[in-house]
Structures are given as structure tokens and as C-alpha cells.
Amino acid sequence: MADVICRWRNATPKTVCEFVKILPHKMMSSEDFRSKMEPEFFRTAYQLACQLGLYYEDKGIYIPRFENNISEDEAHKYLEHWIHCYYAPNPFTKSLKELETPVFLVKELVNFLEANNGTADLNLAMTAIFKDHMGNMDIISNALNNYSKVINVDKEGIATLKPQYKEVMNNMPNRQDKEAFFKNFDSSDKVNIEIAASIYRPYITAIKSKPFLLLAGISGTGKSRIVRELARACWDSSSEEYKAQKPSNFEMVQVKPNWHDSSELIGYVSRINGERYVVGPFLKFMVKALLNPDVPHFLCLDEMNLAPVEQYFAEYLSVIESRRVNENGKVVTDPIIDYENTEAYKNLIDQLFIGNESERQEYLTEKNGKRLSLPANLIVVGTVNMDETTFSFSRKVLDRAMTIEMNDVDLYGGLNQRYEPIGKLSNDDLVGTAVEGVDVYTLNQEVCDKTLNYLKAVNDALEGTPFKIAYRTRNEFLLYVVNNLPYNKDAENNELPQDYVIARALDEITSMKILSRIEGDDSKVRDGFLTNLSDIIEENLSNISSERPLEVSISLSKIKEMRNRLSSGYTSFWS
């Protein structure tokens, strides 16, 4: 009978390091692979590839996960992902009596624990799942405690579900897709969650919630630089892209004060000497993202409010609101430029898909062809300075964007290393698979209900004002809170209570989505209104995270600043 966690019985960081050290670090045929295996270590090459995911087999070729020796720390991170997402016993071998299909251990345990109010004896649970008495309970318990993100086992062998288990389970790869699973098996390149949690988490989770971000603040705080560094973080630190002055997944466009339509950014039809399309930088970069769907692409609109955004970016503002998840689980939008049976449209497609004849033909197909829609991996970030030379934002723009202020300055920052220490960001870290509240509510109902109760209390305080919010903002609140749930460690790597994580996210998005919309003179925004709003925010955040209050509240600090500004007769979120 197979060992439940792995046939070698002790899948520890040390043994995984030993495995990787003696294994070939290059692709090879199945025959060559088998001939090079150490007989005393492995029974068959296929077991090795299936059980620990150290190799991926594709049409008779074995591809190594690691192309060099690894440290025990790397092996530990790898095993944490493996035990959480993988299966026991061998997922491609029927090893136990009466077991018709391979068993995904963690998922089955979660189902069993849910049916027993979140707590059960691990031995009884395993016997029920595998329809047979299981040995090695100590190995199973240790593995779950060391590596599982959803289950705890105490000294008496009682298994319990961790609070955030639904969100974690929802983000796991498809067990039937071996290639996708193998690619997801990435320890050395995963984002450093402690760094991201302390500095870059709000940027990452805001982008994942909605790929349209405004970075506001005084000049020189590094707003455009951070967009470039987020794009750089999508590449391995040893790659040429990472070392490049401008990574290929980054484009900066300087907005000009004379932009009053989309011709400079998106393009226009010229009828001089025949009908042709003059393509703007937005479409060129958008198609680059379309053709490279596994890499997040960042378009930075520098000094975005030097011209009226609603005029030069109207098409994008309209189409970004059409985002939805289709029946295949992909985020899709309406076309930003639809098919036309014209010379100008054909000329546009000819320019955008040079050297890619198959794609070109797809976009020139009238019935059931592809359309120029926003790809899910296109992230638009606008940098914003508020002074006498710029335009203010309408609520139409603010309602469609996430807003983060960058007014803090660390004069020692950037003196010890050339690039921002963001850590490696994957497509999954930045590109969301959920667009509306309905996409996350069922699997995160308890968390979402806390969010909705908070939002209702805040919206009641906005009653009778033009600042009251509706469904679009509700959806973004839910997405932002859920996307923050995995970031549950402090700077010392201690686990944070889930209610604290929820309250922290609510505090941040209150500033992003509600306070950013509040502006006016003292006849429209009264001091009493701001005071009442502050009290309600503080009370409801404290109710959610009563055991561990927020150290600093972004939204309460901003309201205090806005109240002080009101003494001049006018106030706004914008500094």
C-alpha cells in the first residue's frame, strides 16, 4: 500500500534537496531519464514525475522543475505548495482497495471537516476517505501542519480548518491539468509576501481587483518609477528583461495638455492619399499584451490629468466597465474597436499584426472572428499631480479606477539597491479572475457579509449626498477584501487574524473608492458630515477587528486632513 504523503515516507526539505542534487538538470527522453535514475532512490521515473512534481513529462520528454541544486529554504517553500495542492497517494496510480479514482487528500479532508462542523479526528477522517485503515498518522499530521495552508492537526490528532480555507481552496490549480499544475509549482520565483505585505500589497491587490489604477501625490515621489518596477518584477531577476532599462511589458505615454480626443492615444482614420489608420501607442501596446497573455503588461499614463481624461480616454473608460467572466472562466470585454468592413480597419489590423498572419486573419474574419478587446493582462496606471496646471477628476473617472496616494517620502530609499525589492510577481498575483461580487461571494460568504455590513453603515452616512455609492463600488470592495486575504503575515512573518486583514483592506479601499470622491465647498461638505463619517468608519472597523485594532488608519487620517482643509471653505481628497 502506498504511503499517503509520498512513497519515500519522509518528504522533508532535506530529502527533496538530496533528490534534486542527484537528478539530471536538463530535459531528456524518457529512456535516458530512466537509465540515469538511482535505483536505490526511485522505483520508476514516472513515479518521480507524478508524486513530487520535480519533473513534468510531455510527449516522452522529461522536463526538470529545477535546473540547479536548491537550498532547504527553497525546498520548504516548494513542499508547502506541493502538500497543499497535490494529492495522495500517487494521483495517477490506483493504489488502495476500492479506490476507483485518485484522491486529492486536502480537498477530501476539507469536505469531511465541513461535514463535521470544521473539526474531526484525522484517523477517522482518513479511514472514511480511503475506505481503509491508514498508517503513518504522525507523518500525515506533520506534513499537514508544516505545509498545508488550510488544515491544522493538534497533538491528539484532531484536525481543524483554518479560517481562510475557502479562499485558499478557491485559488488552487486544476488537478486534471498537469502542465498548469507543474507551471504553478514555483517556489523560487513566487512573490516575497512579507515584502509585498508591508509595502507593495495595496498596489498588487488593487490591480488584481481592477486593472485601472491612479497613483496620486506630490511630484518626485516615484509614481511612474513604481509602475516600471512592478513590470520589472514580472521577470526573473537573472533575465535580460529584468536588467533592461525598460522591460518589454512596460510602456510610458506622456499625456499632453492639448489632448481633447483619443486620436493621440488610440489613433484615428486618415483619408489623405487613401483611407488608412494612424495607430496610437495604446493600441500597439494593447496588442503586445494580447499576444503575450501570460505576462502582465503595464501602460503608464504619466501626468494623466494634464488633459481631461473623459475626453482623450473615453473609449477605455466605457469598455473597462464591460468586463465580465465568460463561461470558460476568462475575463473578457467589449471591443474597444469593433470589426468594420472598411479599408481603414483592414489597414489597422495589418499594422498591429505584422508577421503574425494567423492572428491577422482571425481579426479580419467578419463572423465569429476575434475582436480588439482589452486583454485581462493589460494594466493601466495613471500618475496624478494635483496643482493649478492640471484638471480634476470627475466621479465618472474615479468610479472606474482604484486610487492610491503616494505622499510619503523616504530620503534613504533607493540608495542601497538599484531596483525596488518587490520580489517576483506572477500573472496570478496581478491578473484577477473575478470581476464582480458574485464571482467571489459564494466561496467567501462570511468575509463578504462583514464587508457588506461595513459598507452599508458607511453608505448610510453618505445618504442624501452625491457621494453615495452603488453596485460598482460594492463589487470592488468585495474583490479588494477577498484579494487581500492571502496577505496574512506581518513583517516578522507572524500570522495575522483574518478580521485584522479584513479591517485593514476595508480601511484602504474606503480611502480609494469613497473618500476620493468627496469634494466641495462648505455648503456641500460640512464639518459635521466628515465628523460623522469618521466616527462610523472608526466604530465599524473596530467592531470587525476588536482583538487587534489597526495601528494606523489611512481613511481616518485622510478625513482629518480633509477637515483641516475645510477651514479654507473648500475641501477635497486630493492634496
# chains A, B, ... in the order shown; residues from 1 in each chain; ligands from 1

call {"tool": "residues_around", "arguments": {"residues": "Asp334 (chain A)", "least_positions_apart": "2", "cutoff": "9 Å", "atoms": "only C-alpha atoms", "output": "ChimeraX atom specification"}}
result
/A:319-323,332,336-338,371-374

call {"tool": "write_last_selection", "arguments": {"atoms": "N, CA, C and O atoms", "output": "compact mmCIF listing (two decimals), in the first residue's frame"}}
result
# COMPACT_ATOMS: atom_id res chain seq x y z
N VAL A 319 -15.24 50.80 -22.08
CA VAL A 319 -15.03 49.36 -22.25
C VAL A 319 -14.60 48.69 -20.96
O VAL A 319 -14.96 47.53 -20.71
N ILE A 320 -13.86 49.38 -20.10
CA ILE A 320 -13.39 48.75 -18.85
C ILE A 320 -14.56 48.31 -17.98
O ILE A 320 -14.47 47.34 -17.22
N GLU A 321 -15.70 48.98 -18.16
CA GLU A 321 -16.88 48.62 -17.37
C GLU A 321 -17.64 47.43 -17.95
O GLU A 321 -18.59 46.96 -17.34
N SER A 322 -17.24 46.95 -19.12
CA SER A 322 -17.91 45.79 -19.71
C SER A 322 -17.25 44.48 -19.30
O SER A 322 -17.66 43.41 -19.75
N ARG A 323 -16.22 44.55 -18.45
CA ARG A 323 -15.50 43.34 -18.05
C ARG A 323 -16.45 42.35 -17.38
O ARG A 323 -17.28 42.71 -16.55
N VAL A 332 -13.34 38.88 -20.04
CA VAL A 332 -13.48 39.42 -21.39
C VAL A 332 -14.15 40.79 -21.32
O VAL A 332 -14.78 41.15 -20.33
N ILE A 336 -12.81 47.44 -28.00
CA ILE A 336 -12.51 48.87 -27.94
C ILE A 336 -12.57 49.46 -29.34
O ILE A 336 -12.85 50.63 -29.54
N ILE A 337 -12.28 48.61 -30.33
CA ILE A 337 -12.54 48.94 -31.74
C ILE A 337 -13.17 47.71 -32.37
O ILE A 337 -12.55 46.64 -32.41
N ASP A 338 -14.38 47.84 -32.84
CA ASP A 338 -15.10 46.69 -33.38
C ASP A 338 -14.77 46.48 -34.87
O ASP A 338 -14.19 47.36 -35.52
N ARG A 371 -11.87 40.04 -31.85
CA ARG A 371 -12.08 41.48 -31.82
C ARG A 371 -11.03 42.14 -30.93
O ARG A 371 -10.49 41.51 -30.02
N LEU A 372 -10.75 43.41 -31.19
CA LEU A 372 -9.76 44.15 -30.41
C LEU A 372 -10.38 44.56 -29.08
O LEU A 372 -10.92 45.66 -28.92
N SER A 373 -10.32 43.66 -28.12
CA SER A 373 -10.85 43.88 -26.77
C SER A 373 -9.71 44.01 -25.78
O SER A 373 -8.57 43.63 -26.07
N LEU A 374 -10.01 44.53 -24.60
CA LEU A 374 -8.97 44.70 -23.59
C LEU A 374 -8.55 43.33 -23.05
O LEU A 374 -9.39 42.59 -22.52

call {"tool": "residues_around", "arguments": {"residues": "Lys166 (chain A)", "least_positions_apart": "4", "cutoff": "10 Å", "atoms": "only C-alpha atoms", "output": "ChimeraX atom specification"}}
result
/A:110,150,161-162,170-171,442-445

call {"tool": "atom_distance", "arguments": {"atom1": "CA of His260 (chain A)", "atom2": "CA of Tyr312 (chain A)"}}
result
5.4 Å

call {"tool": "closest_residue", "arguments": {"among": "A:Ile207, A:Leu515, A:Ala115, A:Leu230", "to": "Lys424 (chain A)", "atoms": "only C-alpha atoms"}}
result
A:Leu230

call {"tool": "residues_around", "arguments": {"residues": "Ala216 (chain A)", "least_positions_apart": "2", "cutoff": "6 Å", "atoms": "only C-alpha atoms", "output": "list in words"}}
result
Val384, Glu405 and Met406 of chain A

call {"tool": "write_last_selection", "arguments": {"atoms": "all heavy atoms", "output": "short mmCIF file (atom, residue, chain, number, x, y, z; two decimals), in the first residue's frame"}}
result
data_model
loop_
_atom_site.label_atom_id
_atom_site.label_comp_id
_atom_site.auth_asym_id
_atom_site.auth_seq_id
_atom_site.Cartn_x
_atom_site.Cartn_y
_atom_site.Cartn_z
N VAL A 384 -0.70 61.04 -11.15
CA VAL A 384 -1.52 62.23 -10.97
C VAL A 384 -0.82 63.22 -10.06
O VAL A 384 -0.40 62.86 -8.95
CB VAL A 384 -2.88 61.85 -10.33
CG1 VAL A 384 -3.73 63.08 -10.11
CG2 VAL A 384 -3.61 60.83 -11.19
N GLU A 405 -2.68 57.06 -2.82
CA GLU A 405 -1.85 58.25 -2.62
C GLU A 405 -0.41 57.86 -2.31
O GLU A 405 -0.16 56.91 -1.58
CB GLU A 405 -2.40 59.09 -1.46
CG GLU A 405 -3.44 60.09 -1.88
CD GLU A 405 -3.56 61.22 -0.87
OE1 GLU A 405 -3.77 60.91 0.32
OE2 GLU A 405 -3.43 62.38 -1.26
N MET A 406 0.52 58.63 -2.85
CA MET A 406 1.95 58.42 -2.60
C MET A 406 2.58 59.74 -2.19
O MET A 406 3.26 60.40 -3.00
CB MET A 406 2.64 57.85 -3.85
CG MET A 406 2.24 56.45 -4.21
SD MET A 406 3.09 55.88 -5.70
CE MET A 406 4.81 55.97 -5.21
#

call {"tool": "residues_around", "arguments": {"residues": "Glu251 (chain A)", "least_positions_apart": "5", "cutoff": "10 Å", "atoms": "only C-alpha atoms", "output": "list of chain:residue names"}}
result
A:Val227, A:Arg228, A:Ala231, A:Lys246, A:Pro281, A:Phe282, A:Phe285, A:His297, A:Phe298, A:Leu299, A:Cys300, A:Leu301, A:Val380

call {"tool": "residues_around", "arguments": {"residues": "Leu530 (chain A)", "least_positions_apart": "5", "cutoff": "9 Å", "atoms": "only C-alpha atoms", "output": "number ranges by chain"}}
result
A: 525, 535, 559-560, 562-563

call {"tool": "write_last_selection", "arguments": {"atoms": "all heavy atoms", "output": "short mmCIF file (atom, residue, chain, number, x, y, z; two decimals), in the first residue's frame"}}
result
data_model
loop_
_atom_site.label_atom_id
_atom_site.label_comp_id
_atom_site.auth_asym_id
_atom_site.auth_seq_id
_atom_site.Cartn_x
_atom_site.Cartn_y
_atom_site.Cartn_z
N VAL A 525 -19.91 70.08 1.59
CA VAL A 525 -19.22 69.17 2.51
C VAL A 525 -19.05 69.90 3.84
O VAL A 525 -18.18 70.75 4.00
CB VAL A 525 -17.84 68.76 1.94
CG1 VAL A 525 -17.17 67.77 2.89
CG2 VAL A 525 -17.95 68.19 0.55
N ASP A 535 -16.52 58.91 12.49
CA ASP A 535 -16.96 58.12 13.65
C ASP A 535 -17.50 56.75 13.22
O ASP A 535 -17.23 55.72 13.86
CB ASP A 535 -18.03 58.87 14.43
CG ASP A 535 -17.48 60.10 15.15
OD1 ASP A 535 -16.25 60.18 15.31
OD2 ASP A 535 -18.29 60.97 15.53
N ILE A 559 -9.51 61.73 6.40
CA ILE A 559 -10.65 62.57 6.79
C ILE A 559 -10.20 63.71 7.68
O ILE A 559 -10.67 64.86 7.54
CB ILE A 559 -11.73 61.72 7.49
CG1 ILE A 559 -12.38 60.75 6.50
CG2 ILE A 559 -12.81 62.63 8.10
CD1 ILE A 559 -13.42 59.84 7.12
N LYS A 560 -9.27 63.46 8.58
CA LYS A 560 -8.73 64.52 9.43
C LYS A 560 -8.08 65.60 8.58
O LYS A 560 -8.26 66.81 8.81
CB LYS A 560 -7.72 63.94 10.42
CG LYS A 560 -7.15 64.97 11.39
CD LYS A 560 -6.18 64.31 12.37
CE LYS A 560 -5.61 65.35 13.32
NZ LYS A 560 -4.64 64.74 14.28
N MET A 562 -8.81 66.26 5.46
CA MET A 562 -9.87 66.93 4.70
C MET A 562 -10.63 67.92 5.58
O MET A 562 -11.04 68.99 5.11
CB MET A 562 -10.81 65.89 4.10
CG MET A 562 -10.16 65.02 3.02
SD MET A 562 -11.17 63.60 2.51
CE MET A 562 -12.51 64.45 1.66
N ARG A 563 -10.82 67.58 6.84
CA ARG A 563 -11.49 68.50 7.77
C ARG A 563 -10.65 69.76 7.98
O ARG A 563 -11.18 70.87 8.02
CB ARG A 563 -11.77 67.81 9.09
CG ARG A 563 -12.87 66.76 9.05
CD ARG A 563 -13.09 66.16 10.42
NE ARG A 563 -13.52 67.16 11.38
CZ ARG A 563 -13.49 67.00 12.71
NH1 ARG A 563 -13.03 65.87 13.22
NH2 ARG A 563 -13.91 67.95 13.51
#

call {"tool": "select_by_dssp", "arguments": {"residues": "region 227-331 of chain A", "states": "strand (DSSP E)", "output": "count of residues only"}}
result
22

call {"tool": "closest_residue", "arguments": {"among": "A:Glu241, A:Asp302, A:Lys370, A:Ala376", "to": "Met286 (chain A)", "atoms": "only C-alpha atoms"}}
result
A:Ala376

call {"tool": "residues_around", "arguments": {"residues": "Asn377 (chain A)", "least_positions_apart": "4", "cutoff": "8 Å", "atoms": "only C-alpha atoms", "output": "ChimeraX atom specification"}}
result
/A:289-290,293-297,427,431

call {"tool": "write_last_selection", "arguments": {"atoms": "N, CA, C and O atoms", "output": "short mmCIF file (atom, residue, chain, number, x, y, z; two decimals), in the first residue's frame"}}
result
data_model
loop_
_atom_site.label_atom_id
_atom_site.label_comp_id
_atom_site.auth_asym_id
_atom_site.auth_seq_id
_atom_site.Cartn_x
_atom_site.Cartn_y
_atom_site.Cartn_z
N ALA A 289 0.22 43.03 -25.35
CA ALA A 289 -0.32 42.27 -24.21
C ALA A 289 -1.20 41.11 -24.69
O ALA A 289 -1.14 40.01 -24.14
N LEU A 290 -2.00 41.35 -25.73
CA LEU A 290 -2.85 40.29 -26.29
C LEU A 290 -2.03 39.09 -26.74
O LEU A 290 -2.43 37.94 -26.54
N PRO A 293 -0.21 36.65 -23.31
CA PRO A 293 -1.23 36.65 -22.25
C PRO A 293 -0.73 36.20 -20.88
O PRO A 293 -1.42 36.44 -19.88
N ASP A 294 0.44 35.57 -20.79
CA ASP A 294 0.92 35.07 -19.50
C ASP A 294 1.78 36.08 -18.76
O ASP A 294 2.26 35.79 -17.66
N VAL A 295 1.98 37.26 -19.33
CA VAL A 295 2.81 38.29 -18.70
C VAL A 295 1.98 39.55 -18.48
O VAL A 295 1.43 40.09 -19.44
N PRO A 296 1.89 40.07 -17.26
CA PRO A 296 1.20 41.34 -17.04
C PRO A 296 1.92 42.47 -17.78
O PRO A 296 3.15 42.56 -17.76
N HIS A 297 1.14 43.33 -18.45
CA HIS A 297 1.70 44.45 -19.20
C HIS A 297 1.20 45.76 -18.59
O HIS A 297 -0.01 45.93 -18.40
N ASN A 427 1.70 36.11 -13.01
CA ASN A 427 0.45 36.54 -13.62
C ASN A 427 -0.71 36.41 -12.64
O ASN A 427 -1.58 37.28 -12.56
N VAL A 431 -3.16 39.51 -12.10
CA VAL A 431 -4.32 39.44 -13.01
C VAL A 431 -5.45 38.67 -12.33
O VAL A 431 -5.33 37.48 -12.07
#

call {"tool": "residues_around", "arguments": {"residues": "region 267-280 of chain A", "least_positions_apart": "4", "cutoff": "8 Å", "atoms": "only C-alpha atoms", "output": "mmCIF file with N, CA and C atoms, in the first residue's frame"}}
result
data_model
loop_
_atom_site.group_PDB
_atom_site.id
_atom_site.type_symbol
_atom_site.label_atom_id
_atom_site.label_comp_id
_atom_site.auth_asym_id
_atom_site.auth_seq_id
_atom_site.Cartn_x
_atom_site.Cartn_y
_atom_site.Cartn_z
ATOM 1 N N SER A 262 -9.302 61.138 -28.512
ATOM 2 C CA SER A 262 -8.468 59.947 -28.370
ATOM 3 C C SER A 262 -7.485 59.745 -29.513
ATOM 4 N N SER A 263 -7.384 60.705 -30.394
ATOM 5 C CA SER A 263 -6.570 60.499 -31.593
ATOM 6 C C SER A 263 -5.093 60.289 -31.276
ATOM 7 N N LYS A 284 -1.076 49.776 -29.904
ATOM 8 C CA LYS A 284 0.134 48.999 -30.150
ATOM 9 C C LYS A 284 0.518 48.187 -28.916
ATOM 10 N N GLU A 343 -11.505 49.834 -45.439
ATOM 11 C CA GLU A 343 -10.067 49.821 -45.697
ATOM 12 C C GLU A 343 -9.296 50.284 -44.467
ATOM 13 N N ALA A 344 -9.871 51.228 -43.727
ATOM 14 C CA ALA A 344 -9.185 51.734 -42.534
ATOM 15 C C ALA A 344 -9.020 50.636 -41.486
ATOM 16 N N TYR A 345 -10.081 49.843 -41.265
ATOM 17 C CA TYR A 345 -9.983 48.754 -40.283
ATOM 18 C C TYR A 345 -8.978 47.702 -40.741
ATOM 19 N N ASN A 347 -6.447 48.174 -42.659
ATOM 20 C CA ASN A 347 -5.124 48.775 -42.519
ATOM 21 C C ASN A 347 -4.656 48.750 -41.065
ATOM 22 N N LEU A 348 -5.593 48.967 -40.137
ATOM 23 C CA LEU A 348 -5.267 48.901 -38.707
ATOM 24 C C LEU A 348 -4.776 47.512 -38.326
ATOM 25 N N GLN A 351 -1.324 46.633 -39.585
ATOM 26 C CA GLN A 351 -0.230 47.262 -38.829
ATOM 27 C C GLN A 351 -0.006 46.593 -37.472
#

call {"tool": "select_by_dssp", "arguments": {"residues": "region 233-280 of chain A", "states": "helix (DSSP H, G or I)", "output": "VMD selection string"}}
result
chain A and resid 240 to 243
